[in-house]
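Coordinates from target-v2.tsv are shown below (TSV, C-alpha atoms).
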chain	number	residue	atom	x	y	z
L	1	MET	CA	10.89	-21.17	5.42
L	2	ASN	CA	11.57	-21.86	9.10
L	3	PHE	CA	11.22	-25.53	10.09
L	4	SER	CA	12.81	-25.26	13.52
L	5	TRP	CA	9.50	-25.24	15.42
L	6	MET	CA	8.84	-28.77	14.13
L	7	PHE	CA	11.96	-30.17	15.75
L	8	GLY	CA	11.81	-28.31	19.05
L	9	SER	CA	12.02	-29.98	22.44
L	10	SER	CA	8.61	-28.86	23.69
L	11	MET	CA	5.90	-31.47	24.09
L	12	GLU	CA	3.84	-29.77	21.36
L	13	ALA	CA	6.67	-30.00	18.82
L	14	ARG	CA	7.57	-33.58	19.76
L	15	HIS	CA	4.01	-34.86	19.60
L	16	LEU	CA	3.36	-33.16	16.28
L	17	LEU	CA	6.49	-34.78	14.85
L	18	TYR	CA	5.63	-38.19	16.35
L	19	ALA	CA	2.12	-38.02	14.88
L	20	TYR	CA	3.30	-37.27	11.35
L	21	VAL	CA	6.15	-39.79	11.46
L	22	ALA	CA	3.86	-42.47	12.94
L	23	VAL	CA	1.33	-42.02	10.13
L	24	TRP	CA	3.99	-42.45	7.44
L	25	ALA	CA	5.52	-45.40	9.31
L	26	ILE	CA	2.20	-47.23	9.76
L	27	GLN	CA	0.96	-46.57	6.23
L	28	GLY	CA	4.31	-47.31	4.61
L	29	GLY	CA	4.86	-50.33	6.82
L	30	TYR	CA	1.51	-51.85	5.91
L	31	ALA	CA	2.00	-51.20	2.17
L	32	GLY	CA	5.48	-52.74	2.42
L	33	TRP	CA	4.14	-55.78	4.25
L	34	VAL	CA	1.46	-56.34	1.56
L	35	LEU	CA	4.09	-56.01	-1.18
L	36	TYR	CA	6.44	-58.43	0.62
L	37	GLN	CA	3.63	-60.99	1.07
L	38	TRP	CA	2.68	-60.61	-2.61
L	39	LEU	CA	6.25	-61.33	-3.74
L	40	ARG	CA	6.55	-64.22	-1.26
L	41	ALA	CA	3.26	-65.75	-2.44
L	42	GLY	CA	4.46	-65.44	-6.04
L	43	ARG	CA	7.76	-67.17	-5.26
L	44	GLN	CA	6.01	-70.01	-3.43
L	45	SER	CA	3.60	-70.41	-6.31
L	46	ARG	CA	6.46	-70.64	-8.83
L	47	THR	CA	8.24	-73.19	-6.59
L	48	VAL	CA	5.12	-75.37	-6.51
L	49	SER	CA	4.79	-75.19	-10.31
L	50	HIS	CA	8.51	-75.85	-10.79
L	51	THR	CA	8.47	-78.90	-8.48
L	52	ASP	CA	5.37	-80.14	-10.22
L	53	ASN	CA	7.06	-80.00	-13.65
L	54	HIS	CA	9.79	-82.41	-12.52
M	55	MET	CA	-2.89	-67.53	-14.62
M	56	GLN	CA	-0.89	-65.56	-12.05
M	57	ARG	CA	-0.49	-61.83	-12.43
M	58	SER	CA	3.16	-60.87	-12.17
M	59	ARG	CA	2.54	-57.35	-10.86
M	60	ILE	CA	0.51	-56.24	-7.88
M	61	PHE	CA	-1.06	-53.51	-10.00
M	62	GLY	CA	-0.97	-52.57	-13.67
M	63	PRO	CA	-0.25	-49.24	-15.42
M	64	VAL	CA	-3.40	-47.61	-14.01
M	65	GLY	CA	-2.31	-48.64	-10.52
M	66	ALA	CA	1.19	-47.27	-11.09
M	67	VAL	CA	-0.21	-43.90	-12.20
M	68	TRP	CA	-2.62	-43.97	-9.24
M	69	PHE	CA	0.32	-44.67	-6.89
M	70	LEU	CA	2.40	-41.77	-8.23
M	71	LEU	CA	-0.54	-39.33	-8.14
M	72	THR	CA	-1.41	-40.44	-4.61
M	73	LEU	CA	2.16	-40.04	-3.41
M	74	ALA	CA	2.31	-36.54	-4.93
M	75	ALA	CA	-1.03	-35.66	-3.31
M	76	ILE	CA	0.17	-36.91	0.10
M	77	VAL	CA	3.39	-34.90	-0.11
M	78	TYR	CA	1.49	-31.79	-1.20
M	79	ALA	CA	-1.19	-32.25	1.48
M	80	THR	CA	1.46	-32.78	4.16
M	81	ARG	CA	3.28	-29.63	3.07
M	82	LEU	CA	0.01	-27.69	3.29
M	83	GLY	CA	-0.80	-29.09	6.72
M	84	LEU	CA	2.62	-28.70	8.27
M	85	LEU	CA	3.92	-25.54	6.66
M	86	LEU	CA	1.32	-23.48	4.85
M	87	ALA	CA	-1.87	-23.74	6.91
M	88	PRO	CA	-2.17	-21.03	9.57
M	89	THR	CA	-1.24	-21.81	13.16
M	90	GLU	CA	-4.33	-22.51	15.25
M	91	ALA	CA	-5.06	-19.64	17.63
M	92	THR	CA	-5.70	-21.60	20.85
M	93	MET	CA	-3.56	-24.74	20.64
M	94	GLY	CA	-0.76	-23.55	18.40
M	95	ASN	CA	1.19	-25.79	16.06
M	96	VAL	CA	0.18	-29.08	17.70
M	97	ALA	CA	-3.30	-28.55	16.20
M	98	ARG	CA	-1.71	-29.42	12.83
M	99	ILE	CA	-2.24	-33.03	13.92
M	100	LEU	CA	-5.83	-32.31	12.84
M	101	TYR	CA	-4.82	-32.58	9.16
M	102	TYR	CA	-3.82	-36.22	9.65
M	103	HIS	CA	-6.08	-37.19	12.56
M	104	VAL	CA	-9.47	-36.11	11.20
M	105	PRO	CA	-9.11	-37.53	7.65
M	106	HIS	CA	-7.90	-40.88	9.02
M	107	SER	CA	-10.73	-40.90	11.57
M	108	MET	CA	-13.34	-40.15	8.91
M	109	LEU	CA	-11.95	-42.79	6.55
M	110	SER	CA	-11.79	-45.35	9.37
M	111	LEU	CA	-15.59	-45.04	9.45
M	112	VAL	CA	-15.89	-45.51	5.67
M	113	PHE	CA	-13.73	-48.60	5.08
M	114	PRO	CA	-15.74	-50.81	7.49
M	115	TYR	CA	-18.65	-50.52	5.07
M	116	ILE	CA	-16.54	-52.05	2.30
M	117	ASN	CA	-15.89	-54.99	4.61
M	118	PHE	CA	-19.59	-55.03	5.57
M	119	ALA	CA	-20.93	-54.98	1.99
M	120	ALA	CA	-18.40	-57.60	0.84
M	121	SER	CA	-19.32	-59.83	3.80
M	122	LEU	CA	-23.02	-59.61	2.91
M	123	PHE	CA	-22.19	-60.57	-0.69
M	124	TYR	CA	-20.05	-63.43	0.62
M	125	LEU	CA	-22.92	-64.73	2.78
M	126	TYR	CA	-25.30	-64.46	-0.19
M	127	TRP	CA	-22.98	-66.12	-2.71
M	128	ARG	CA	-21.22	-68.75	-0.62
M	129	ARG	CA	-23.67	-71.49	-1.67
M	130	ARG	CA	-25.00	-69.96	-4.89
M	131	ASP	CA	-21.71	-69.03	-6.57
M	132	PRO	CA	-18.53	-69.98	-4.65
M	133	LEU	CA	-16.21	-68.19	-7.10
M	134	LYS	CA	-18.01	-64.88	-6.61
M	135	ALA	CA	-18.01	-65.58	-2.88
M	136	LEU	CA	-14.21	-65.91	-2.94
M	137	THR	CA	-13.96	-62.53	-4.68
M	138	ALA	CA	-16.21	-60.96	-2.04
M	139	ASP	CA	-14.15	-62.61	0.69
M	140	ALA	CA	-10.95	-61.07	-0.69
M	141	VAL	CA	-12.59	-57.62	-0.70
M	142	ALA	CA	-13.80	-58.21	2.87
M	143	ILE	CA	-10.36	-58.99	4.33
M	144	ALA	CA	-8.87	-56.03	2.45
M	145	GLY	CA	-11.57	-53.73	3.91
M	146	ALA	CA	-10.99	-55.05	7.44
M	147	GLU	CA	-7.22	-54.60	7.34
M	148	VAL	CA	-7.38	-51.10	5.91
M	149	THR	CA	-9.94	-50.25	8.63
M	150	VAL	CA	-7.46	-51.42	11.28
M	151	VAL	CA	-4.65	-49.36	9.71
M	152	TYR	CA	-6.75	-46.18	9.59
M	153	GLY	CA	-8.29	-46.87	13.02
M	154	SER	CA	-4.83	-47.37	14.56
M	155	ILE	CA	-3.70	-44.02	13.18
M	156	CYS	CA	-6.89	-42.34	14.40
M	157	LEU	CA	-6.32	-43.66	17.94
M	158	LEU	CA	-2.57	-43.00	18.01
M	159	THR	CA	-2.67	-39.45	16.64
M	160	GLY	CA	-5.67	-38.72	18.88
M	161	MET	CA	-3.70	-39.81	21.95
M	162	LEU	CA	-0.68	-37.73	20.93
M	163	TRP	CA	-2.92	-34.72	20.47
M	164	GLY	CA	-4.95	-35.41	23.63
M	165	ARG	CA	-1.84	-35.55	25.82
M	166	VAL	CA	-1.00	-31.99	24.79
M	167	ALA	CA	-4.54	-30.58	24.62
M	168	TRP	CA	-6.08	-32.30	27.68
M	169	GLY	CA	-3.00	-33.32	29.65
M	170	ILE	CA	-3.98	-37.01	29.45
M	171	TRP	CA	-3.31	-39.78	26.97
M	172	TRP	CA	-6.71	-41.40	27.24
M	173	THR	CA	-10.15	-41.01	28.76
M	174	TRP	CA	-13.05	-43.43	28.69
M	175	ASP	CA	-15.50	-41.09	27.03
M	176	ALA	CA	-18.07	-42.25	24.50
M	177	ARG	CA	-16.15	-41.29	21.33
M	178	LEU	CA	-12.81	-42.75	22.35
M	179	THR	CA	-14.32	-45.90	23.83
M	180	SER	CA	-16.60	-46.63	20.87
M	181	MET	CA	-13.67	-46.05	18.47
M	182	LEU	CA	-11.44	-48.39	20.48
M	183	LEU	CA	-14.25	-50.96	20.41
M	184	LEU	CA	-14.51	-50.62	16.62
M	185	TRP	CA	-10.75	-51.15	16.28
M	186	LEU	CA	-10.88	-54.19	18.57
M	187	LEU	CA	-13.78	-55.68	16.58
M	188	TYR	CA	-11.78	-55.51	13.34
M	189	VAL	CA	-8.63	-56.82	15.04
M	190	SER	CA	-10.70	-59.75	16.35
M	191	TYR	CA	-12.10	-60.24	12.81
M	192	MET	CA	-8.54	-60.55	11.49
M	193	MET	CA	-7.46	-62.84	14.34
M	194	LEU	CA	-10.49	-65.07	13.74
M	195	ARG	CA	-9.54	-65.43	10.09
M	196	LYS	CA	-5.91	-66.04	10.92
M	197	LEU	CA	-6.26	-68.48	13.82
M	198	SER	CA	-9.52	-70.37	13.34
M	199	ALA	CA	-9.07	-73.74	11.64
M	200	THR	CA	-12.69	-74.72	11.07
M	201	GLY	CA	-14.23	-74.91	7.60
M	202	GLN	CA	-16.69	-72.21	8.65
M	203	THR	CA	-14.08	-69.53	9.38
M	204	HIS	CA	-15.01	-67.25	6.49
M	205	THR	CA	-18.71	-67.48	7.27
M	206	LEU	CA	-18.11	-66.74	10.96
M	207	ALA	CA	-15.90	-63.79	10.02
M	208	ALA	CA	-18.58	-62.46	7.66
M	209	VAL	CA	-21.19	-62.64	10.44
M	210	LEU	CA	-18.79	-60.88	12.85
M	211	SER	CA	-18.28	-58.12	10.30
M	212	VAL	CA	-22.04	-57.49	10.16
M	213	PHE	CA	-22.04	-56.95	13.94
M	214	ALA	CA	-18.86	-54.83	13.77
M	215	ALA	CA	-20.48	-52.49	11.25
M	216	ILE	CA	-23.19	-51.67	13.81
M	217	ASP	CA	-20.55	-49.85	15.87
M	218	VAL	CA	-19.74	-47.42	13.03
M	219	PRO	CA	-22.85	-45.20	13.39
M	220	ILE	CA	-22.42	-45.34	17.19
M	221	VAL	CA	-18.87	-43.95	16.84
M	222	TYR	CA	-20.11	-41.28	14.44
M	223	MET	CA	-23.04	-40.22	16.63
M	224	SER	CA	-21.27	-40.55	20.00
M	225	ILE	CA	-20.22	-36.87	20.11
M	226	ARG	CA	-23.76	-35.86	19.17
M	227	TRP	CA	-25.61	-38.17	21.59
M	228	TRP	CA	-23.41	-37.75	24.67
M	229	ARG	CA	-21.34	-35.03	26.30
M	230	THR	CA	-17.75	-36.07	25.77
M	231	GLN	CA	-14.20	-34.95	26.46
M	232	HIS	CA	-13.68	-35.25	22.71
M	233	PRO	CA	-14.49	-31.96	20.93
M	234	ALA	CA	-17.91	-31.44	19.34
M	235	PRO	CA	-18.19	-32.39	15.66
M	236	VAL	CA	-16.28	-30.18	13.23
M	237	PHE	CA	-18.79	-30.93	10.49
M	238	GLY	CA	-22.56	-31.13	10.82
M	239	GLY	CA	-22.43	-30.13	14.47
M	240	GLY	CA	-24.60	-27.03	14.39
M	241	GLU	CA	-24.05	-23.32	13.80
M	242	ASP	CA	-20.72	-23.03	15.63
M	243	SER	CA	-19.12	-26.04	13.99
M	244	GLY	CA	-16.86	-25.96	10.94
M	245	LEU	CA	-13.32	-25.06	9.98
M	246	ASP	CA	-11.92	-21.63	9.32
M	247	ALA	CA	-11.76	-21.00	5.57
M	248	SER	CA	-7.96	-20.72	5.70
M	249	MET	CA	-7.69	-24.30	7.03
M	250	TRP	CA	-9.84	-25.85	4.31
M	251	PRO	CA	-7.24	-26.39	1.56
M	252	ALA	CA	-4.92	-28.38	3.84
M	253	PHE	CA	-7.83	-30.36	5.26
M	254	ALA	CA	-9.46	-31.12	1.88
M	255	TRP	CA	-6.16	-32.16	0.28
M	256	ASN	CA	-5.42	-34.51	3.17
M	257	ILE	CA	-8.86	-36.10	2.92
M	258	VAL	CA	-8.44	-36.66	-0.82
M	259	ALA	CA	-4.83	-37.86	-0.57
M	260	TRP	CA	-5.45	-40.37	2.23
M	261	ALA	CA	-8.65	-41.59	0.57
M	262	LEU	CA	-6.69	-42.27	-2.64
M	263	TRP	CA	-4.02	-44.05	-0.61
M	264	GLY	CA	-6.68	-46.13	1.16
M	265	VAL	CA	-8.14	-47.25	-2.17
M	266	LEU	CA	-4.63	-48.18	-3.34
M	267	LEU	CA	-4.07	-50.25	-0.17
M	268	LEU	CA	-7.45	-51.93	-0.71
M	269	ALA	CA	-6.50	-52.85	-4.28
M	270	MET	CA	-3.08	-54.17	-3.23
M	271	ARG	CA	-4.48	-56.25	-0.36
M	272	TYR	CA	-7.26	-57.57	-2.61
M	273	ALA	CA	-4.68	-58.62	-5.23
M	274	LEU	CA	-2.63	-60.37	-2.53
M	275	GLU	CA	-5.66	-62.28	-1.23
M	276	ARG	CA	-6.63	-63.34	-4.76
M	277	ARG	CA	-3.09	-64.63	-5.31
M	278	ARG	CA	-3.29	-66.60	-2.05
M	279	GLN	CA	-6.64	-68.04	-3.07
M	280	GLU	CA	-5.22	-69.09	-6.45
M	281	ARG	CA	-2.26	-70.71	-4.72
M	282	GLU	CA	-4.57	-72.63	-2.38
M	283	GLN	CA	-6.65	-73.79	-5.34
M	284	GLU	CA	-3.51	-74.90	-7.20
M	285	ALA	CA	-2.29	-76.82	-4.13
M	286	ALA	CA	-5.70	-78.47	-3.70
M	287	LEU	CA	-5.80	-79.48	-7.38
M	288	GLN	CA	-2.28	-80.93	-7.18
M	289	ALA	CA	-3.24	-82.89	-4.06
M	290	ILE	CA	-6.27	-84.34	-5.88
M	291	GLU	CA	-4.17	-85.22	-8.94
M	292	ALA	CA	-1.53	-86.87	-6.73
M	293	SER	CA	-4.11	-88.93	-4.88
M	294	LEU	CA	-5.66	-90.03	-8.20
M	295	GLU	CA	-2.22	-91.09	-9.49
M	296	MET	CA	-1.60	-93.07	-6.32
M	297	ALA	CA	-4.96	-94.79	-6.65
M	298	GLN	CA	-4.19	-95.94	-10.22

Rewritten as structure tokens:
Amino acid sequence: MNFSWMFGSSMEARHLLYAYVAVWAIQGGYAGWVLYQWLRAGRQSRTVSHTDNH
Amino acid sequence: MQRSRIFGPVGAVWFLLTLAAIVYATRLGLLLAPTEATMGNVARILYYHVPHSMLSLVFPYINFAASLFYLYWRRRDPLKALTADAVAIAGAEVTVVYGSICLLTGMLWGRVAWGIWWTWDARLTSMLLLWLLYVSYMMLRKLSATGQTHTLAAVLSVFAAIDVPIVYMSIRWWRTQHPAPVFGGGEDSGLDASMWPAFAWNIVAWALWGVLLLAMRYALERRRQEREQEAALQAIEASLEMAQ
């Protein structure tokens, strides 16, 4: 299978690549941010409980 | 009781199936679907642009319905209202994610197809307005410090939802630079049969992913709400101890 057209220097090839990469970056970035916030909120919650126990 | 995982076994299976569907759909769109006769390979942006655009008009209604439930329950049943509020913020954020992709991939495609990045036609402008409305919804929730923030945000979301049918109908009501509707646009509209598998798989895959994002964001908001409730309870207990 020939992939070379996807990585060409023409505007068509570049914009197609940018579009697909941007979608993965935005979707993955948002999912990663939610996961990071979830873990952070969990840590803060445990810290509050831990402090409270002392 | 705090949940230790953002989603359980069902969510994990959902995540793996969704990831497989996205990879398969991307392979179909990039490699296996036929090259479009007029625009060439750049038209493969369609397989990401159109599903994200369609879904960016679906997720606002999750925010809208949840906001209506919030407004209904906020005095009658505050715990249900909190649940609705968590669904509402999840719906708004996923709308912004899908709307951003719709606008960005549309601009990348438009630059090649039309020779311009942007034009103020009815479809593009109404879509940008929709995106701005949901960004302002998120900023209101983030920055406002009044006790009425969630109510104000819910009211804003009702107004924002009005823009959704305008975006959908814009290419039917007005002559626009944006192409005529692919679906439901009359006799000449529709996709070639050979393009359908890639298109359908991308719709399904990104819809599954959107639901997963909704569930994750909802779980995060519920955890934040629980944390706020814990902090409030501790503050009350501390003040009672000080008073004794």

* Pick out the chain M residues within 10 Å of chain L. Count all atoms listed in the file. Give them as a PyMOL selection string. => chain M and resi 56-60+76+80+84-86+93-103+106+147-148+151-152+154-156+158-167+260+263-264+266-268+270-278+280-282+284-285+288

* Hey, can you check how far CA of Ile257 in chain M sits from CA of Pro105 in chain M? ->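 If I compute the distance from CA of Ile257 in chain M to CA of Pro105 in chain M, I get 4.9 Å.
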
* Atomic separation - CA of Trp185 in chain M relative to CA of Arg229 in chain M, Å ->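 Pair CA of Arg229 in chain M / CA of Trp185 in chain M returns 21.7 Å.
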
* Nearest to Ser121 in chain M: which of M:Leu183, M:Val212, M:Leu73, M:Ala87 is it, counting all atoms listed in the file? -> M:Val212

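Relative to CA of Thr72 in chain M, CA of Leu262 in chain M is found at 5.9 Å.
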
* May I have the residues within 8 Å of range 108-111 of chain M as a list in words, using all atoms listed in the file and disregarding those fewer than 3 positions away in the same chain? =>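 Residues near the query, excluding close chain neighbours: Val104, Pro105, Pro114, Tyr115, Thr149, Val150, Tyr152, Gly153, Cys156, Val218, Tyr222 and Ala261 of chain M.
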
* Asked: Pick the closest to Phe253 in chain M from M:Leu287, M:Ala79, M:Leu184, M:Ile216: which is it, counting all atoms listed in the file?
  -> M:Ala79

* Selected residue of minimal separation from Phe118 in chain M among M:Met181, M:Ala297, M:Ala215, M:Ile225, counting only C-alpha atoms -> M:Ala215
